[in-house]
Amino acid sequence: MTSRIALYAAVVATVFCSVDVSAQTYEVTKLVPGSAFHGVHGLGIDKAGHMFAGSVAGAALYEVDLNNGTAKIAIPTPEGMADDIAFAPDGTMAWTGFLTGDLYSRKGDGPIKKLASGLAGINSLAYRKDGRLYASTVFLGDTLYEIDVEGVKPPRMIMEKMGGLNGFEFGPDDMIYGPLWFKGQVVKVDVDKPELTVVADGFKTPAAVNFDSKGNLWVVDTATGQLVRVDPKTGAKKMVAQLKPSLDNLAIDDQDHIYVSNMADNGIQQVDAETGAARQIIIGKLALPGGIGVVSDNGKDTIYVADVFAYRTVDGATGEVSEPARMHAAGVTLEYPMSATAKGDDVILSSWFTGTVQVIDRKTGATREMMHGFKAPHDAIRLGDGSFLVNELGAKSLVRVSGEHGKDRTVVIGDLAGPVGLVGGPNGAAYVTEAFSGQVSKVDSNGEKTVVAKDLKMPEGIALAGDGKLIVAEVGAKRIIQIDPANGNVTEIAGNLPIGLKGAPGGLPTNIPTGVGVGASGTIYFSSNIENAIYKIAKK
């Protein structure tokens with residue numbers, strides 16, 4: 001898709017800067033096409049054969065057309081956030097809001113009912129044959145509960161410290177069967193005693209299980225990408241299909257068709273239970289692109305993408321996508337990258353969800369450094385002396401980091417209003433976007449701050465062009481702007497852009513930042529977290 005945007009000059013005076021609309025004409029081109037989900041997790045199939053799929057980062061619950069390979073939002077944010085989905089005997093659908101800690105249900109097209117709240121990391125759930133509902137917390141907790149289906153009584157704890165009871169199911173014997181994510185086991189739980197017994201062992205990272213009509217237990221291993229059939233009586237295992245890692249969940253319909261979700265592929269596959277042959281129902285080239293960095297080598301632009309469930313690169317000319325790493329794959333170091341910067345031989349990924357900053361060798365893809373313990377880091381850059389600057393949104397600070405594994409940390413400046421984007425400037429200075437106050441600020445090495453531009457609407461991603469101008473994603477106004485740091489003049493480059501995903505409550509209103517980058521020739525690139533696409537903007 002190509003759209004041509006002609007913008008003409010006008011000047012509007014403001015207190016700190018003037019706003020121009022450029023006389024230059026730009027061409028906006030979609031470089032990497034979008035996809036349906038924003039990371040796909042839990043799957044559920046109702047009695048009529050309709051498939052539903054959940055997304056945590058996208059905070060929505062989707063209905064999937066299995067014949068056409070399309071998806072539409074069935075329940076939007078915030079109630080629609082779904083890590084797992086289950087159907088009661090009477091057809092009621094329930095789902096878990098992992099980040100919000102809420103559990104919801106809805107019967108047919110009736111009203112949405114909140115059954116529980118305050119359960120951090122609420123993850124998997126299943127109905128018993130008698131209609132009782134059970135749910136577990138994983139990652140942010142490790143507990144199994146019985147949930148009141150009327151939403152009146154508080155959750156009743158059954159067990160805790162199991163090892164990460166993830167996507168589980170009730171078996172024919174009325175016991176829960178499920179994977180222990182952190183122990184590599186599949187177990188069964190007698191919820192009445194309560195008692196836990198190991199059924200099968202030797203998995204790398206089992207993510208979910210489900211039964212077919214013949215009593216076979218099917219398991220997906222997210223680290224190896226394998227779909228495994230298990231005999232629940234003997235624990236005997238058979239690998240039936242070798243798929244890609246980052247598998248998340250599976251669902252089996254009444255005809256024993258097996259469907260698996262892959263969060264890194266933004267995709268769902270149907271797998272033949274006999275042959276292991278996989279048919280792709282729906283897939284994306286990107287999962288959920290956030291921050292980006294751009295480096296030009298011999299006139300060729302490469303875009304380095306923090307894709308939340310993968311770390312990917314994009315050829316700036318062809319749009320070809322490569323994948324150095326994906327989440328949860330065996331032997332891979334990656335922690336939900338959400339922001340990215342790139343310069344020289346470094347790609348630096350940040351994740352506000354895990355509090356990590358990861359330094360990757362741009363050419364080899366090897367991880368040079370993994371630094372933990374940050375408070376919602378939203379961007380990071382390397383300084384000339386080898387130290388790092390990190391935007392800590394959670395601490396409202398810009399922090400200088402050095403030493404082994406970044407153990408030495410000094411606050412350069414605090415009380416920043418939503419520090420999100422970060423780019424290096426002249427003489428050791430840095431430019432920071434303050435999303436909550438609508439400012440772009442310059443911070444000198446001594447911590448002195450100067451406001452470069454104000455009265456912006458949620459500025460996020462920022463890059464420095466070769467001419468010294470700043471390129472900024474003004475998410476609240478859905479546009480890309482240019483700022484002259486010498487006088488604060490703001491020029492709109494392109495507007496009406498698909499940026500500013502309204503995601504889960506809790507961090508930024510958009511949660512996944514919009515990234516921008518500039519190639520050596522002046523071509524601008526930005527990520528669309530609404531479409532899961534990458535765009536380029538070039539002068540005509």
# chains A, B, ... in the order shown; residues from 1 in each chain; ligands from 1
>>> closest_atom_pairs(of="stretch 462-539 of chain A", to="stretch 33-55 of chain A", cutoff="12 Å", atoms="only C-alpha atoms", output="Markdown table")
| residue | atom | partner | partner_atom | distance |
| --- | --- | --- | --- | --- |
| A:Pro498 | CA | A:Gly34 | CA | 10.8 |
| A:Leu501 | CA | A:His38 | CA | 9.8 |
| A:Lys502 | CA | A:His38 | CA | 11.4 |
| A:Gly503 | CA | A:His38 | CA | 9.6 |
| A:Ala504 | CA | A:Ser55 | CA | 10.1 |
| A:Asn511 | CA | A:His38 | CA | 11.9 |
| A:Ile512 | CA | A:His38 | CA | 10.3 |
| A:Ser527 | CA | A:Gly34 | CA | 10.3 |
| A:Ser528 | CA | A:Gly34 | CA | 8.4 |
| A:Asn529 | CA | A:His38 | CA | 8.1 |
| A:Ile530 | CA | A:His38 | CA | 8.3 |
| A:Glu531 | CA | A:Gly34 | CA | 4.8 |
| A:Asn532 | CA | A:Gly34 | CA | 4.6 |
| A:Ala533 | CA | A:Gly34 | CA | 4.4 |
| A:Ile534 | CA | A:Pro33 | CA | 7.1 |
| A:Tyr535 | CA | A:Pro33 | CA | 8.7 |
| A:Lys536 | CA | A:Pro33 | CA | 11.8 |
>>> residues_around(residues="A:Phe168", least_positions_apart="3", cutoff="7 Å", atoms="only C-alpha atoms", output="JSON, numbers by chain")
{"A": [124, 125, 126, 176, 177, 178, 179, 208, 209]}
>>> closest_residue(among="A:Asp484, A:Asp256, A:Glu460, A:Glu474", to="A:Glu434", atoms="only C-alpha atoms")
A:Glu460
>>> select_by_dssp(residues="stretch 180-355 of chain A", states="strand (DSSP E)", output="MDAnalysis selection string")
chainID A and resid 180 185:190 195:200 206:211 217:221 226:230 237:242 247:252 258:262 267:271 278:282 292:297 300:306 310:315 321:326 339:343 346:351
>>> write_last_selection(atoms="C-alpha atoms", output="PDB file, in the first residue's frame")
ATOM      1  CA  LEU A 180       4.673 -27.363  34.888  1.00  0.00           C
ATOM      2  CA  GLN A 185       6.812 -31.994  33.588  1.00  0.00           C
ATOM      3  CA  VAL A 186       3.216 -32.840  32.821  1.00  0.00           C
ATOM      4  CA  VAL A 187       1.243 -33.569  35.984  1.00  0.00           C
ATOM      5  CA  LYS A 188      -2.230 -34.443  37.162  1.00  0.00           C
ATOM      6  CA  VAL A 189      -3.909 -32.783  40.133  1.00  0.00           C
ATOM      7  CA  ASP A 190      -6.684 -34.226  42.245  1.00  0.00           C
ATOM      8  CA  GLU A 195      -2.698 -34.008  45.414  1.00  0.00           C
ATOM      9  CA  LEU A 196      -0.224 -33.634  42.518  1.00  0.00           C
ATOM     10  CA  THR A 197       1.278 -36.580  40.578  1.00  0.00           C
ATOM     11  CA  VAL A 198       3.820 -36.504  37.732  1.00  0.00           C
ATOM     12  CA  VAL A 199       2.477 -38.063  34.511  1.00  0.00           C
ATOM     13  CA  ALA A 200       5.386 -37.434  32.111  1.00  0.00           C
ATOM     14  CA  PRO A 206       5.790 -27.492  28.328  1.00  0.00           C
ATOM     15  CA  ALA A 207       3.186 -24.783  27.821  1.00  0.00           C
ATOM     16  CA  ALA A 208      -0.245 -26.424  27.454  1.00  0.00           C
ATOM     17  CA  VAL A 209      -2.084 -29.743  27.240  1.00  0.00           C
ATOM     18  CA  ASN A 210      -5.406 -30.965  25.883  1.00  0.00           C
ATOM     19  CA  PHE A 211      -7.278 -34.262  25.439  1.00  0.00           C
ATOM     20  CA  LEU A 217      -3.074 -36.202  25.977  1.00  0.00           C
ATOM     21  CA  TRP A 218      -1.452 -33.666  23.654  1.00  0.00           C
ATOM     22  CA  VAL A 219       1.328 -31.360  24.845  1.00  0.00           C
ATOM     23  CA  VAL A 220       3.022 -28.359  23.230  1.00  0.00           C
ATOM     24  CA  ASP A 221       6.607 -27.539  24.215  1.00  0.00           C
ATOM     25  CA  GLN A 226       7.231 -29.855  19.445  1.00  0.00           C
ATOM     26  CA  LEU A 227       3.706 -31.247  19.593  1.00  0.00           C
ATOM     27  CA  VAL A 228       3.855 -34.431  21.671  1.00  0.00           C
ATOM     28  CA  ARG A 229       1.276 -37.168  22.274  1.00  0.00           C
ATOM     29  CA  VAL A 230       1.325 -38.604  25.789  1.00  0.00           C
ATOM     30  CA  LYS A 237       5.590 -39.884  24.777  1.00  0.00           C
ATOM     31  CA  LYS A 238       5.670 -39.589  20.998  1.00  0.00           C
ATOM     32  CA  MET A 239       6.703 -36.445  19.141  1.00  0.00           C
ATOM     33  CA  VAL A 240       4.143 -36.025  16.357  1.00  0.00           C
ATOM     34  CA  ALA A 241       5.001 -32.625  14.864  1.00  0.00           C
ATOM     35  CA  GLN A 242       8.106 -30.446  14.829  1.00  0.00           C
ATOM     36  CA  LEU A 247       4.214 -22.297  20.901  1.00  0.00           C
ATOM     37  CA  ASP A 248       1.747 -21.112  23.505  1.00  0.00           C
ATOM     38  CA  ASN A 249      -1.489 -23.068  23.530  1.00  0.00           C
ATOM     39  CA  LEU A 250      -3.602 -25.644  21.753  1.00  0.00           C
ATOM     40  CA  ALA A 251      -7.228 -26.539  21.212  1.00  0.00           C
ATOM     41  CA  ILE A 252      -8.875 -29.707  19.885  1.00  0.00           C
ATOM     42  CA  ILE A 258      -5.619 -30.017  16.614  1.00  0.00           C
ATOM     43  CA  TYR A 259      -4.865 -26.286  16.552  1.00  0.00           C
ATOM     44  CA  VAL A 260      -1.786 -24.663  18.077  1.00  0.00           C
ATOM     45  CA  SER A 261      -0.915 -21.003  18.607  1.00  0.00           C
ATOM     46  CA  ASN A 262       2.520 -19.455  18.156  1.00  0.00           C
ATOM     47  CA  GLY A 267      -0.115 -17.447  14.034  1.00  0.00           C
ATOM     48  CA  ILE A 268      -2.344 -20.479  14.384  1.00  0.00           C
ATOM     49  CA  GLN A 269      -1.686 -23.840  12.734  1.00  0.00           C
ATOM     50  CA  GLN A 270      -3.791 -26.944  12.262  1.00  0.00           C
ATOM     51  CA  VAL A 271      -1.807 -30.137  12.804  1.00  0.00           C
ATOM     52  CA  ALA A 278       0.864 -28.608   9.699  1.00  0.00           C
ATOM     53  CA  ARG A 279      -1.398 -26.227   7.804  1.00  0.00           C
ATOM     54  CA  GLN A 280      -1.038 -22.537   8.534  1.00  0.00           C
ATOM     55  CA  ILE A 281      -4.401 -20.949   9.307  1.00  0.00           C
ATOM     56  CA  ILE A 282      -3.119 -17.442   9.991  1.00  0.00           C
ATOM     57  CA  ILE A 292      13.256   0.209  16.296  1.00  0.00           C
ATOM     58  CA  GLY A 293      16.821   1.203  15.439  1.00  0.00           C
ATOM     59  CA  VAL A 294      18.259   1.800  11.967  1.00  0.00           C
ATOM     60  CA  VAL A 295      21.849   1.397  10.776  1.00  0.00           C
ATOM     61  CA  SER A 296      23.113   2.056   7.251  1.00  0.00           C
ATOM     62  CA  ASP A 297      25.920  -0.101   5.851  1.00  0.00           C
ATOM     63  CA  LYS A 300      21.802  -0.246   2.763  1.00  0.00           C
ATOM     64  CA  ASP A 301      19.401   0.438   5.652  1.00  0.00           C
ATOM     65  CA  THR A 302      18.676  -2.336   8.148  1.00  0.00           C
ATOM     66  CA  ILE A 303      15.913  -1.920  10.714  1.00  0.00           C
ATOM     67  CA  TYR A 304      16.373  -3.666  14.062  1.00  0.00           C
ATOM     68  CA  VAL A 305      13.000  -4.398  15.612  1.00  0.00           C
ATOM     69  CA  ALA A 306      12.007  -5.097  19.208  1.00  0.00           C
ATOM     70  CA  ALA A 310      11.057 -11.940  18.844  1.00  0.00           C
ATOM     71  CA  TYR A 311      14.064  -9.849  17.848  1.00  0.00           C
ATOM     72  CA  ARG A 312      13.890  -9.241  14.102  1.00  0.00           C
ATOM     73  CA  THR A 313      15.609  -7.302  11.340  1.00  0.00           C
ATOM     74  CA  VAL A 314      14.070  -5.762   8.231  1.00  0.00           C
ATOM     75  CA  ASP A 315      15.752  -4.873   4.940  1.00  0.00           C
ATOM     76  CA  VAL A 321      12.246  -9.937   7.540  1.00  0.00           C
ATOM     77  CA  SER A 322      14.946 -11.968   9.277  1.00  0.00           C
ATOM     78  CA  GLU A 323      14.820 -13.401  12.767  1.00  0.00           C
ATOM     79  CA  PRO A 324      17.938 -13.627  14.915  1.00  0.00           C
ATOM     80  CA  ALA A 325      15.966 -14.757  17.984  1.00  0.00           C
ATOM     81  CA  ARG A 326      12.483 -15.626  19.238  1.00  0.00           C
ATOM     82  CA  SER A 339      12.261  -0.975  22.719  1.00  0.00           C
ATOM     83  CA  ALA A 340      15.359  -0.975  20.520  1.00  0.00           C
ATOM     84  CA  THR A 341      18.237   1.318  19.593  1.00  0.00           C
ATOM     85  CA  ALA A 342      21.036   0.544  17.149  1.00  0.00           C
ATOM     86  CA  LYS A 343      24.360   2.229  16.498  1.00  0.00           C
ATOM     87  CA  ASP A 346      25.357  -2.510  19.086  1.00  0.00           C
ATOM     88  CA  VAL A 347      21.682  -3.301  19.138  1.00  0.00           C
ATOM     89  CA  ILE A 348      20.229  -2.547  22.568  1.00  0.00           C
ATOM     90  CA  LEU A 349      16.877  -4.045  23.509  1.00  0.00           C
ATOM     91  CA  SER A 350      14.821  -2.990  26.525  1.00  0.00           C
ATOM     92  CA  SER A 351      11.817  -4.611  28.180  1.00  0.00           C
TER      93      SER A 351
END
>>> atom_distance(atom1="atom CA of A:Asp254", atom2="atom CA of A:Pro111")
27.1 Å
>>> residues_around(residues="stretch 85-96 of chain A", least_positions_apart="4", cutoff="6 Å", atoms="only C-alpha atoms", output="list in words")
Gly42, Gly44, Leu103, Tyr104, Ser105, Arg106, Lys107, Ile122, Asn123, Ala126, Tyr127 and Gly131 of chain A
>>> write_last_selection(atoms="N, CA and C atoms", output="PDB file, in the first residue's frame")
ATOM      1  N   GLY A  42      -3.946 -18.003  24.280  1.00  0.00           N
ATOM      2  CA  GLY A  42      -4.932 -19.041  24.503  1.00  0.00           C
ATOM      3  C   GLY A  42      -5.872 -19.246  23.330  1.00  0.00           C
ATOM      4  N   GLY A  44      -9.612 -21.394  22.231  1.00  0.00           N
ATOM      5  CA  GLY A  44     -10.786 -22.109  22.702  1.00  0.00           C
ATOM      6  C   GLY A  44     -11.763 -22.293  21.559  1.00  0.00           C
ATOM      7  N   LEU A 103     -10.534 -12.096  36.008  1.00  0.00           N
ATOM      8  CA  LEU A 103     -11.083 -13.247  35.298  1.00  0.00           C
ATOM      9  C   LEU A 103     -12.538 -12.931  34.965  1.00  0.00           C
ATOM     10  N   TYR A 104     -12.885 -13.099  33.678  1.00  0.00           N
ATOM     11  CA  TYR A 104     -14.217 -12.735  33.198  1.00  0.00           C
ATOM     12  C   TYR A 104     -14.935 -13.940  32.616  1.00  0.00           C
ATOM     13  N   SER A 105     -16.269 -13.803  32.482  1.00  0.00           N
ATOM     14  CA  SER A 105     -17.049 -14.789  31.751  1.00  0.00           C
ATOM     15  C   SER A 105     -18.185 -14.090  31.010  1.00  0.00           C
ATOM     16  N   ARG A 106     -18.674 -14.784  29.997  1.00  0.00           N
ATOM     17  CA  ARG A 106     -19.845 -14.278  29.264  1.00  0.00           C
ATOM     18  C   ARG A 106     -20.577 -15.458  28.641  1.00  0.00           C
ATOM     19  N   LYS A 107     -21.881 -15.487  28.783  1.00  0.00           N
ATOM     20  CA  LYS A 107     -22.688 -16.527  28.160  1.00  0.00           C
ATOM     21  C   LYS A 107     -23.338 -15.966  26.909  1.00  0.00           C
ATOM     22  N   ILE A 122      -2.831 -14.157  36.573  1.00  0.00           N
ATOM     23  CA  ILE A 122      -3.867 -15.153  36.295  1.00  0.00           C
ATOM     24  C   ILE A 122      -3.705 -15.619  34.851  1.00  0.00           C
ATOM     25  N   ASN A 123      -3.585 -16.919  34.670  1.00  0.00           N
ATOM     26  CA  ASN A 123      -3.054 -17.419  33.404  1.00  0.00           C
ATOM     27  C   ASN A 123      -3.950 -18.435  32.734  1.00  0.00           C
ATOM     28  N   ALA A 126      -9.849 -23.814  33.415  1.00  0.00           N
ATOM     29  CA  ALA A 126     -10.617 -24.908  32.827  1.00  0.00           C
ATOM     30  C   ALA A 126     -11.857 -25.155  33.667  1.00  0.00           C
ATOM     31  N   TYR A 127     -12.931 -25.557  32.977  1.00  0.00           N
ATOM     32  CA  TYR A 127     -14.160 -25.937  33.657  1.00  0.00           C
ATOM     33  C   TYR A 127     -14.162 -27.443  33.918  1.00  0.00           C
ATOM     34  N   GLY A 131     -19.331 -28.024  35.896  1.00  0.00           N
ATOM     35  CA  GLY A 131     -19.465 -26.586  35.718  1.00  0.00           C
ATOM     36  C   GLY A 131     -18.637 -25.741  36.661  1.00  0.00           C
TER      37      GLY A 131
END
>>> residues_around(residues="A:Val152", least_positions_apart="6", cutoff="12 Å", atoms="only C-alpha atoms", output="PyMOL selection string")
chain A and resi 113-117
>>> write_last_selection(atoms="N, CA and C atoms", output="short mmCIF file (atom, residue, chain, number, x, y, z; two decimals), in the first residue's frame")
data_model
loop_
_atom_site.label_atom_id
_atom_site.label_comp_id
_atom_site.auth_asym_id
_atom_site.auth_seq_id
_atom_site.Cartn_x
_atom_site.Cartn_y
_atom_site.Cartn_z
N LYS A 113 -19.23 -10.66 32.79
CA LYS A 113 -19.26 -10.75 34.25
C LYS A 113 -17.83 -10.93 34.77
N LYS A 114 -17.44 -10.10 35.72
CA LYS A 114 -16.14 -10.26 36.35
C LYS A 114 -16.28 -11.25 37.50
N LEU A 115 -15.56 -12.37 37.40
CA LEU A 115 -15.66 -13.42 38.41
C LEU A 115 -14.63 -13.28 39.51
N ALA A 116 -13.49 -12.68 39.20
CA ALA A 116 -12.42 -12.54 40.20
C ALA A 116 -11.51 -11.40 39.78
N SER A 117 -10.82 -10.83 40.76
CA SER A 117 -9.87 -9.75 40.48
C SER A 117 -8.74 -9.83 41.50
#
>>> residues_around(residues="A:Gly421", least_positions_apart="3", cutoff="7 Å", atoms="only C-alpha atoms", output="MDAnalysis selection string")
chainID A and resid 378:379 432:433 460:462
>>> closest_residue(among="A:Ile537, A:Leu119, A:Leu165, A:Leu140", to="A:Gly101", atoms="only C-alpha atoms")
A:Leu119
>>> atom_distance(atom1="atom CA of A:Asn67", atom2="atom CA of A:Phe309")
26.2 Å
>>> residues_around(residues="stretch 424-430 of chain A", least_positions_apart="5", cutoff="8 Å", atoms="only C-alpha atoms", output="PyMOL selection string")
chain A and resi 381+383-384+442-445+464
>>> atom_distance(atom1="atom CA of A:Gly164", atom2="atom CA of A:Leu243")
22.8 Å
>>> closest_residue(among="A:Gly355, A:Ala395, A:Lys244, A:His257", to="A:Met327", atoms="only C-alpha atoms")
A:Lys244
>>> closest_residue(among="A:Pro513, A:Gly110, A:Gly235, A:Gly118", to="A:Gly500", atoms="only C-alpha atoms")
A:Pro513
